Amino acid sequence: MNGMLPWAISFALIAVTLAMIFTAIRLLRGPAAEDRVLALDTLYVNSMIMVLTLGIQFGSRFYFDIALLIALFGFVGSAAMAKFLLRGEVIEP
């Protein structure tokens, strides 16, 4: 690896960890349900970025597959939560 890349990866991991901590606080303290859904959406994006950063650090392609799954399930979960907040039900009869 290049001399600056490990420093950049370390900085990125610290920044994403801080973002995840602040997002978790908003998830727990959010005044409304919409704030909690947005915090959950941000949390899955941050976790996806963290997995991608770890994939770059360890040089493994397996992490990129995990990040793709996180993105897929996060999108489906966000869409289901938005539908639940709008209509009160996820599955229509």
# chains A, B, ... in the order shown; residues from 1 in each chain; ligands from 1
>>> residues_around(residues="Ile25 of chain A", least_positions_apart="5", cutoff="10 Å", atoms="only C-alpha atoms", output="list in words")
Ala19, Met20, Gly30, Arg36 and Ala39 of chain A
>>> write_last_selection(atoms="all heavy atoms", output="mmCIF file, in the first residue's frame")
data_model
loop_
_atom_site.group_PDB
_atom_site.id
_atom_site.type_symbol
_atom_site.label_atom_id
_atom_site.label_comp_id
_atom_site.auth_asym_id
_atom_site.auth_seq_id
_atom_site.Cartn_x
_atom_site.Cartn_y
_atom_site.Cartn_z
ATOM 1 N N ALA A 19 -19.822 9.289 13.076
ATOM 2 C CA ALA A 19 -21.113 9.513 12.435
ATOM 3 C C ALA A 19 -22.131 8.461 12.874
ATOM 4 O O ALA A 19 -23.308 8.772 13.105
ATOM 5 C CB ALA A 19 -20.961 9.497 10.912
ATOM 6 N N MET A 20 -21.686 7.217 13.027
ATOM 7 C CA MET A 20 -22.596 6.167 13.478
ATOM 8 C C MET A 20 -23.021 6.382 14.929
ATOM 9 O O MET A 20 -24.180 6.105 15.284
ATOM 10 C CB MET A 20 -21.940 4.800 13.306
ATOM 11 C CG MET A 20 -21.811 4.378 11.861
ATOM 12 S SD MET A 20 -20.975 2.812 11.649
ATOM 13 C CE MET A 20 -22.279 1.688 12.099
ATOM 14 N N GLY A 30 -34.756 10.526 18.910
ATOM 15 C CA GLY A 30 -35.517 11.263 17.906
ATOM 16 C C GLY A 30 -36.897 11.670 18.390
ATOM 17 O O GLY A 30 -37.630 10.861 18.940
ATOM 18 N N ARG A 36 -36.534 9.072 13.410
ATOM 19 C CA ARG A 36 -35.940 7.767 13.682
ATOM 20 C C ARG A 36 -35.743 6.969 12.398
ATOM 21 O O ARG A 36 -34.747 6.258 12.244
ATOM 22 C CB ARG A 36 -36.809 7.005 14.664
ATOM 23 C CG ARG A 36 -36.759 7.602 16.047
ATOM 24 C CD ARG A 36 -37.470 6.735 17.056
ATOM 25 N NE ARG A 36 -37.199 7.235 18.382
ATOM 26 C CZ ARG A 36 -38.107 7.797 19.153
ATOM 27 N NH1 ARG A 36 -39.347 7.921 18.734
ATOM 28 N NH2 ARG A 36 -37.775 8.228 20.352
ATOM 29 N N ALA A 39 -32.768 8.413 10.692
ATOM 30 C CA ALA A 39 -31.553 7.999 11.392
ATOM 31 C C ALA A 39 -31.207 6.553 11.053
ATOM 32 O O ALA A 39 -30.037 6.212 10.871
ATOM 33 C CB ALA A 39 -31.734 8.164 12.894
#
>>> residues_around(residues="Phe58 of chain A", least_positions_apart="6", cutoff="12 Å", atoms="only C-alpha atoms", output="VMD selection string")
chain A and resid 1 5 to 6 9 51 to 52 64
>>> write_last_selection(atoms="C-alpha atoms", output="CSV table (one decimal), in the first residue's frame")
chain,number,residue,atom,x,y,z
A,1,MET,CA,0.0,0.0,0.0
A,5,LEU,CA,-3.5,5.2,2.2
A,6,PRO,CA,-3.3,3.6,5.7
A,9,ILE,CA,-8.3,4.6,5.9
A,51,VAL,CA,-17.7,-2.2,5.3
A,52,LEU,CA,-16.4,-0.8,2.1
A,64,PHE,CA,-17.9,-5.5,-1.2
>>> residues_around(residues="Leu40 of chain A", least_positions_apart="6", cutoff="9 Å", atoms="only C-alpha atoms", output="list of chain:residue names")
A:Thr23, A:Ala24, A:Leu27, A:Gly74, A:Ser78
>>> write_last_selection(atoms="C-alpha atoms", output="short mmCIF file (atom, residue, chain, number, x, y, z; two decimals), in the first residue's frame")
data_model
loop_
_atom_site.label_atom_id
_atom_site.label_comp_id
_atom_site.auth_asym_id
_atom_site.auth_seq_id
_atom_site.Cartn_x
_atom_site.Cartn_y
_atom_site.Cartn_z
CA THR A 23 -26.81 8.66 14.29
CA ALA A 24 -27.48 6.09 17.01
CA LEU A 27 -32.19 7.05 16.55
CA GLY A 74 -31.45 -1.08 3.79
CA SER A 78 -36.54 2.12 4.33
#
>>> atom_distance(atom1="atom CA of Ala82 of chain A", atom2="atom CA of Thr42 of chain A")
14.1 Å
>>> atom_distance(atom1="atom CA of Met50 of chain A", atom2="atom CA of Leu68 of chain A")
12.3 Å
>>> atom_distance(atom1="atom CA of Met81 of chain A", atom2="atom CA of Val37 of chain A")
7.0 Å
>>> closest_residue(among="A:Ile66, A:Leu28, A:Leu85, A:Leu18", to="Leu54 of chain A", atoms="only C-alpha atoms")
A:Ile66
>>> select_by_dssp(residues="chain A", states="alpha helix (DSSP H)", output="PyMOL selection string")
chain A and resi 5-29+33-58+62-87
